[in-house]
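Novice: Supplied structure: upload-v9.tsv, TSV, C-alpha atoms.
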```tsv
chain	number	residue	atom	x	y	z
A	1	MET	CA	6.36	4.02	2.04
A	2	GLU	CA	9.85	4.71	0.69
A	3	ARG	CA	9.41	2.01	-1.94
A	4	ILE	CA	6.05	3.45	-3.02
A	5	GLU	CA	7.47	6.96	-3.20
A	6	SER	CA	10.61	5.90	-5.08
A	7	ARG	CA	8.43	4.37	-7.79
A	8	HIS	CA	5.91	7.22	-7.91
A	9	GLY	CA	3.27	4.84	-6.57
A	10	LEU	CA	1.04	7.54	-5.13
A	11	ARG	CA	0.90	9.32	-8.49
A	12	GLN	CA	0.12	6.04	-10.21
A	13	LEU	CA	-2.83	5.48	-7.88
A	14	THR	CA	-4.21	8.98	-8.40
A	15	TYR	CA	-3.73	8.75	-12.18
A	16	MET	CA	-5.55	5.42	-12.30
A	17	HIS	CA	-8.41	7.07	-10.40
A	18	GLU	CA	-8.42	9.95	-12.90
A	19	LEU	CA	-8.77	7.36	-15.68
A	20	GLY	CA	-11.72	5.79	-13.86
A	21	MET	CA	-9.73	2.78	-12.70
A	22	GLY	CA	-9.32	1.69	-9.11
A	23	ASN	CA	-10.35	3.60	-6.06
A	24	VAL	CA	-8.87	6.23	-3.74
A	25	ARG	CA	-9.94	4.28	-0.67
A	26	TYR	CA	-8.63	0.85	0.15
A	27	ARG	CA	-9.00	-1.37	3.16
A	28	LEU	CA	-6.45	-3.85	4.37
A	29	VAL	CA	-7.56	-7.38	5.13
A	30	ASP	CA	-5.72	-10.17	6.88
A	31	ILE	CA	-6.21	-13.16	4.60
A	32	ASP	CA	-4.71	-15.47	7.23
A	33	ASN	CA	-7.44	-14.56	9.72
A	34	GLY	CA	-10.74	-14.83	7.91
A	35	ASP	CA	-10.29	-11.63	5.87
A	36	ALA	CA	-10.57	-9.50	9.01
A	37	GLN	CA	-10.06	-5.80	8.32
A	38	ILE	CA	-6.84	-4.48	9.88
A	39	SER	CA	-5.18	-1.11	10.35
A	40	LEU	CA	-1.97	-0.02	8.68
A	41	ALA	CA	-0.23	-0.16	12.07
A	42	ASP	CA	-1.33	-3.79	12.49
A	43	ALA	CA	-0.20	-4.64	8.95
A	44	VAL	CA	3.37	-3.47	9.60
A	45	ALA	CA	3.65	-4.33	13.30
A	46	ASP	CA	6.19	-7.16	12.86
A	47	VAL	CA	8.00	-5.81	9.81
A	48	VAL	CA	11.74	-5.49	10.19
A	49	PRO	CA	13.31	-2.83	7.95
A	50	PHE	CA	15.64	-4.11	5.25
A	51	GLU	CA	19.19	-2.88	5.66
A	52	ALA	CA	21.43	-2.84	2.61
A	53	GLU	CA	24.90	-4.23	3.10
```
Please go through the file and, once you have read it, give me the structure as structure tokens.
Specialist:
Amino acid sequence: MERIESRHGLRQLTYMHELGMGNVRYRLVDIDNGDAQISLADAVADVVPFEAE
């Protein structure tokens, strides 16, 4: 989320929608498991935050 916010990603998505591009609703799919739909919590369950040195 921090990366998206630091690059104004949410504004980019809404602007693309205003231009008629993209969509405001997305669904996450697990391409390793037959394209099964997954939740955001499932998508980030094993993610370890990056710590700068």
Novice: Please write as a list in words the list of polymer residues whose atoms come within 6 Å of (-7.3, -4.4, 5.4), counting only C-alpha atoms and keeping to the coordinates of the file.
Specialist: Arg27, Leu28, Val29, Gln37 and Ile38 of chain A
Novice: So what do you get for CA of Asp30 in chain A versus CA of Val44 in chain A, distance-wise?
Specialist: 11.6 Å
Novice: Please compute the CA of Glu2 in chain A-CA of Phe50 in chain A distance, one decimal, in Å.
Specialist: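 We find that CA of Glu2 in chain A and CA of Phe50 in chain A lie 11.5 Å from each other.
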Novice: Would you compute the distance between CA of Ala43 in chain A and CA of His8 in chain A? Give it in Å to one decimal.
Specialist: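 CA of His8 in chain A lies at a distance of 21.5 Å from CA of Ala43 in chain A.
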Novice: Kindly indicate which residue among A:Thr14, A:Tyr26, A:Ala52, A:Glu5 lies nearest to Leu40 in chain A, using only C-alpha atoms for the distances.
Specialist: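 Of the candidates, the smallest distance to Leu40 in chain A is held by A:Tyr26.
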